[in-house]
Structures are given as structure tokens and as C-alpha cells.
Amino acid sequence: MAERGFDVEAVEWDAARFDALKRRCAGASVQPIRADVRTFPLAAQRYSVILASAVLHFFTPTELAVLAPRITDALLPGGLFFAAAFTRDDPSAIDEQVPHPDLVRHFFHRDELLKLFRPLEVLFYEESRRAAHQYSYGYRSGATLIARRTADPPREEHLPAGER
């Protein structure tokens with residue numbers, strides 16, 4: 001996106017990953033920010049694109065219920081939101097009370113990603129399996145959402161997954 005002329009902010013809380021991000025962004029118009037996105041101040045109507053690919057499954061349903069409206073509000077009217085996250089039918093999904101080896105904290109239920117970002121206009125949504133030959137089970141399962149903020153999205157209460 002930076003190569004296409006966009007100003008880019010990249011938020012990463014993990015120190016080692018942040019250092020790698022800084023090295024990768026050197027010389028590009030990318031502002032790496034070391035922060036926890038749960039508390040990072042997302043200004044209202046600031047971003048034309050927000051990308052959360054392979055990120056949202058690292059948050060609990062309670063954290064997602066707080067983060068989703070902040071993301072929605074941070075989009076400019078017409079702004080796009082891209083998300084991809086693991087779903088419950090992923091072969092690595094286990095009891096969410098047991099720490100997951102990849103630190104995945106939540107596997108999304110059917111249509112949960114849609115419900116979480118309901119104020120946005122859905123342009124594309126898919127829950128699917130994709131080949132992943134590097135894993136012994138040979139595939140991963142996930143949900144992909146591309147959505148747009150309309151001029152004035154309806155205000156809705158964002159509820160944790162167990163309360164929908």
C-alpha cells in the first residue's frame with residue numbers, strides 16, 4: 001500500500017516482531033508503531049483502509065466486542081475493512097480455555113465475523129478451507145471479510161460471541 005502512495009501505519013505490540021517490522025519498512029512510507037491495538041487510539045473517521053489479516057483470532061470475544069466498534073468508527077465513509085481469521089472447523093481448534101500453541105485465543109463460529117462487523121456493508125464474505133501442506137492435517141479453515149463503511153453506519157451494540 002505504501003508503494004501505491006498510501007500513508008501506512010503498522011501497529012505491532014511484540015518487541016521482536018516490531019523490530020522485524022521496522023527493518024522491513026525501512027525506506028518505505030510506513031510508520032511502524034509499537035503499541036497494543038486494544039488500547040491504540042484509533043481516531044474516528046481517519047483510515048481509508050484497515051487490514052486485520054490473521055490478527056483477530058488473537059483476541060478474546062470480550063476484547064473483540066470492544067475492538068470491533070473502534071475499528072468501524074475509525075474508517076472513513078467509504079473506507080474498506082479486510083479481515084481473515086481462523087474458524088472453529090480449523091483442525092487446530094481446541095478448547096479455548098486451554099492455551100493454544102500458536103497463541104490463538106479465539107476460533108470464530110459460523111458467521112461470527114459478519115455479526116461482529118454488522119454495521120459495515122459486506123462486499124465479500126467466505127468461510128472456507130485452504131490447502132496448507134506444511135501442516136500434518138493438510139489444510140486450515142478460516143473466514144475472510146471485506147466490508148465498507150457506509151456514509152453513516154447504523155449504531156449497534158457489539159456483543160461477545162456467547163451473547164449473540
# chains A, B, ... in the order shown; residues from 1 in each chain; ligands from 1
>>> select_by_dssp(residues="chain A", states="helix (DSSP H, G or I)", output="ChimeraX atom specification")
/A:2-4,15-25,56-58,61-74,112-116,161-163
>>> write_last_selection(atoms="N, CA and C atoms", output="JSON list (two decimals), in the first residue's frame")
[["chain", "number", "residue", "atom", "x", "y", "z"],
["A", 2, "ALA", "N", 1.96, 1.18, 0.74],
["A", 2, "ALA", "CA", 2.86, 2.33, 0.76],
["A", 2, "ALA", "C", 3.44, 2.58, -0.63],
["A", 3, "GLU", "N", 3.73, 1.49, -1.35],
["A", 3, "GLU", "CA", 4.27, 1.63, -2.71],
["A", 3, "GLU", "C", 3.26, 2.27, -3.66],
["A", 4, "ARG", "N", 1.98, 2.22, -3.31],
["A", 4, "ARG", "CA", 0.93, 2.82, -4.13],
["A", 4, "ARG", "C", 0.58, 4.24, -3.68],
["A", 15, "ALA", "N", 7.80, -7.09, 20.78],
["A", 15, "ALA", "CA", 9.09, -6.43, 20.55],
["A", 15, "ALA", "C", 9.87, -7.03, 19.38],
["A", 16, "ALA", "N", 9.99, -8.35, 19.33],
["A", 16, "ALA", "CA", 10.76, -8.98, 18.25],
["A", 16, "ALA", "C", 10.09, -8.76, 16.90],
["A", 17, "ARG", "N", 8.77, -8.90, 16.87],
["A", 17, "ARG", "CA", 8.05, -8.68, 15.60],
["A", 17, "ARG", "C", 8.10, -7.22, 15.20],
["A", 18, "PHE", "N", 8.09, -6.33, 16.19],
["A", 18, "PHE", "CA", 8.18, -4.90, 15.89],
["A", 18, "PHE", "C", 9.53, -4.56, 15.26],
["A", 19, "ASP", "N", 10.60, -5.14, 15.79],
["A", 19, "ASP", "CA", 11.93, -4.89, 15.22],
["A", 19, "ASP", "C", 11.99, -5.39, 13.77],
["A", 20, "ALA", "N", 11.41, -6.56, 13.52],
["A", 20, "ALA", "CA", 11.37, -7.09, 12.15],
["A", 20, "ALA", "C", 10.53, -6.19, 11.25],
["A", 21, "LEU", "N", 9.44, -5.68, 11.77],
["A", 21, "LEU", "CA", 8.58, -4.76, 11.01],
["A", 21, "LEU", "C", 9.33, -3.49, 10.66],
["A", 22, "LYS", "N", 10.06, -2.94, 11.62],
["A", 22, "LYS", "CA", 10.85, -1.73, 11.35],
["A", 22, "LYS", "C", 11.87, -1.96, 10.26],
["A", 23, "ARG", "N", 12.56, -3.09, 10.30],
["A", 23, "ARG", "CA", 13.55, -3.40, 9.26],
["A", 23, "ARG", "C", 12.87, -3.52, 7.90],
["A", 24, "ARG", "N", 11.75, -4.20, 7.86],
["A", 24, "ARG", "CA", 11.05, -4.41, 6.59],
["A", 24, "ARG", "C", 10.51, -3.10, 6.02],
["A", 25, "CYS", "N", 10.15, -2.16, 6.87],
["A", 25, "CYS", "CA", 9.54, -0.90, 6.44],
["A", 25, "CYS", "C", 10.57, 0.20, 6.18],
["A", 56, "LEU", "N", -7.31, -11.05, 14.27],
["A", 56, "LEU", "CA", -8.45, -11.03, 15.19],
["A", 56, "LEU", "C", -8.56, -12.29, 16.04],
["A", 57, "HIS", "N", -8.03, -13.42, 15.58],
["A", 57, "HIS", "CA", -8.12, -14.64, 16.38],
["A", 57, "HIS", "C", -7.17, -14.62, 17.59],
["A", 58, "PHE", "N", -6.39, -13.57, 17.73],
["A", 58, "PHE", "CA", -5.52, -13.43, 18.90],
["A", 58, "PHE", "C", -6.20, -12.69, 20.05],
["A", 61, "PRO", "N", -13.34, -13.07, 22.77],
["A", 61, "PRO", "CA", -14.61, -12.47, 22.34],
["A", 61, "PRO", "C", -14.91, -11.16, 23.06],
["A", 62, "THR", "N", -14.57, -11.05, 24.33],
["A", 62, "THR", "CA", -14.81, -9.81, 25.07],
["A", 62, "THR", "C", -13.96, -8.67, 24.49],
["A", 63, "GLU", "N", -12.69, -8.95, 24.19],
["A", 63, "GLU", "CA", -11.82, -7.94, 23.58],
["A", 63, "GLU", "C", -12.32, -7.55, 22.20],
["A", 64, "LEU", "N", -12.79, -8.54, 21.43],
["A", 64, "LEU", "CA", -13.30, -8.26, 20.09],
["A", 64, "LEU", "C", -14.55, -7.38, 20.14],
["A", 65, "ALA", "N", -15.39, -7.58, 21.16],
["A", 65, "ALA", "CA", -16.60, -6.77, 21.30],
["A", 65, "ALA", "C", -16.26, -5.29, 21.52],
["A", 66, "VAL", "N", -15.11, -5.01, 22.10],
["A", 66, "VAL", "CA", -14.65, -3.64, 22.30],
["A", 66, "VAL", "C", -13.92, -3.13, 21.05],
["A", 67, "LEU", "N", -13.12, -3.97, 20.45],
["A", 67, "LEU", "CA", -12.30, -3.58, 19.31],
["A", 67, "LEU", "C", -13.12, -3.34, 18.04],
["A", 68, "ALA", "N", -14.13, -4.17, 17.78],
["A", 68, "ALA", "CA", -14.90, -4.07, 16.53],
["A", 68, "ALA", "C", -15.53, -2.69, 16.32],
["A", 69, "PRO", "N", -16.23, -2.11, 17.30],
["A", 69, "PRO", "CA", -16.79, -0.78, 17.06],
["A", 69, "PRO", "C", -15.72, 0.30, 16.92],
["A", 70, "ARG", "N", -14.57, 0.12, 17.56],
["A", 70, "ARG", "CA", -13.47, 1.07, 17.40],
["A", 70, "ARG", "C", -12.94, 1.04, 15.97],
["A", 71, "ILE", "N", -12.81, -0.17, 15.41],
["A", 71, "ILE", "CA", -12.36, -0.32, 14.03],
["A", 71, "ILE", "C", -13.38, 0.30, 13.08],
["A", 72, "THR", "N", -14.65, -0.02, 13.28],
["A", 72, "THR", "CA", -15.72, 0.52, 12.44],
["A", 72, "THR", "C", -15.71, 2.04, 12.47],
["A", 73, "ASP", "N", -15.62, 2.62, 13.65],
["A", 73, "ASP", "CA", -15.63, 4.08, 13.79],
["A", 73, "ASP", "C", -14.39, 4.73, 13.19],
["A", 74, "ALA", "N", -13.28, 4.00, 13.15],
["A", 74, "ALA", "CA", -12.03, 4.57, 12.63],
["A", 74, "ALA", "C", -12.00, 4.68, 11.11],
["A", 112, "GLU", "N", -19.75, -15.46, 12.68],
["A", 112, "GLU", "CA", -19.41, -14.58, 13.80],
["A", 112, "GLU", "C", -18.69, -13.30, 13.34],
["A", 113, "LEU", "N", -17.79, -13.43, 12.39],
["A", 113, "LEU", "CA", -17.07, -12.26, 11.88],
["A", 113, "LEU", "C", -18.06, -11.28, 11.23],
["A", 114, "LEU", "N", -19.04, -11.81, 10.51],
["A", 114, "LEU", "CA", -20.08, -10.97, 9.92],
["A", 114, "LEU", "C", -20.86, -10.21, 10.99],
["A", 115, "LYS", "N", -21.25, -10.92, 12.03],
["A", 115, "LYS", "CA", -22.03, -10.31, 13.11],
["A", 115, "LYS", "C", -21.23, -9.25, 13.85],
["A", 116, "LEU", "N", -19.96, -9.52, 14.05],
["A", 116, "LEU", "CA", -19.11, -8.60, 14.79],
["A", 116, "LEU", "C", -18.97, -7.26, 14.07],
["A", 161, "ALA", "N", -19.29, -13.13, 21.60],
["A", 161, "ALA", "CA", -19.82, -14.25, 20.83],
["A", 161, "ALA", "C", -20.86, -15.05, 21.61],
["A", 162, "GLY", "N", -20.64, -15.28, 22.87],
["A", 162, "GLY", "CA", -21.56, -16.09, 23.66],
["A", 162, "GLY", "C", -22.90, -15.43, 23.95],
["A", 163, "GLU", "N", -23.02, -14.13, 23.66],
["A", 163, "GLU", "CA", -24.24, -13.39, 23.97],
["A", 163, "GLU", "C", -25.02, -13.02, 22.74]]
>>> residues_around(residues="segment 129-139 of chain A", least_positions_apart="4", cutoff="12 Å", atoms="only C-alpha atoms", output="PyMOL selection string")
chain A and resi 85-92+143-144
>>> closest_residue(among="A:Ala93, A:Leu123, A:Ile50, A:Ala10", to="Pro32 of chain A", atoms="only C-alpha atoms")
A:Ala10
>>> atom_distance(atom1="atom CA of Phe59 of chain A", atom2="atom CA of His106 of chain A")
6.3 Å
>>> residues_around(residues="Glu121 of chain A", least_positions_apart="6", cutoff="9 Å", atoms="only C-alpha atoms", output="number ranges by chain")
A: 146-150, 153
>>> closest_residue(among="A:Tyr125, A:Glu12, A:Arg105, A:Asp7", to="Thr60 of chain A", atoms="only C-alpha atoms")
A:Arg105
>>> closest_residue(among="A:Arg110, A:Ala151, A:Gly79, A:Ala28", to="Glu9 of chain A", atoms="only C-alpha atoms")
A:Ala28
>>> atom_distance(atom1="atom CA of Ser29 of chain A", atom2="atom CA of Ala84 of chain A")
24.5 Å
>>> atom_distance(atom1="atom CA of Val122 of chain A", atom2="atom CA of Met1 of chain A")
21.7 Å
>>> select_by_dssp(residues="segment 20-161 of chain A", states="strand (DSSP E)", output="PyMOL selection string")
chain A and resi 30-34+47-53+75-86+121-131+139-148
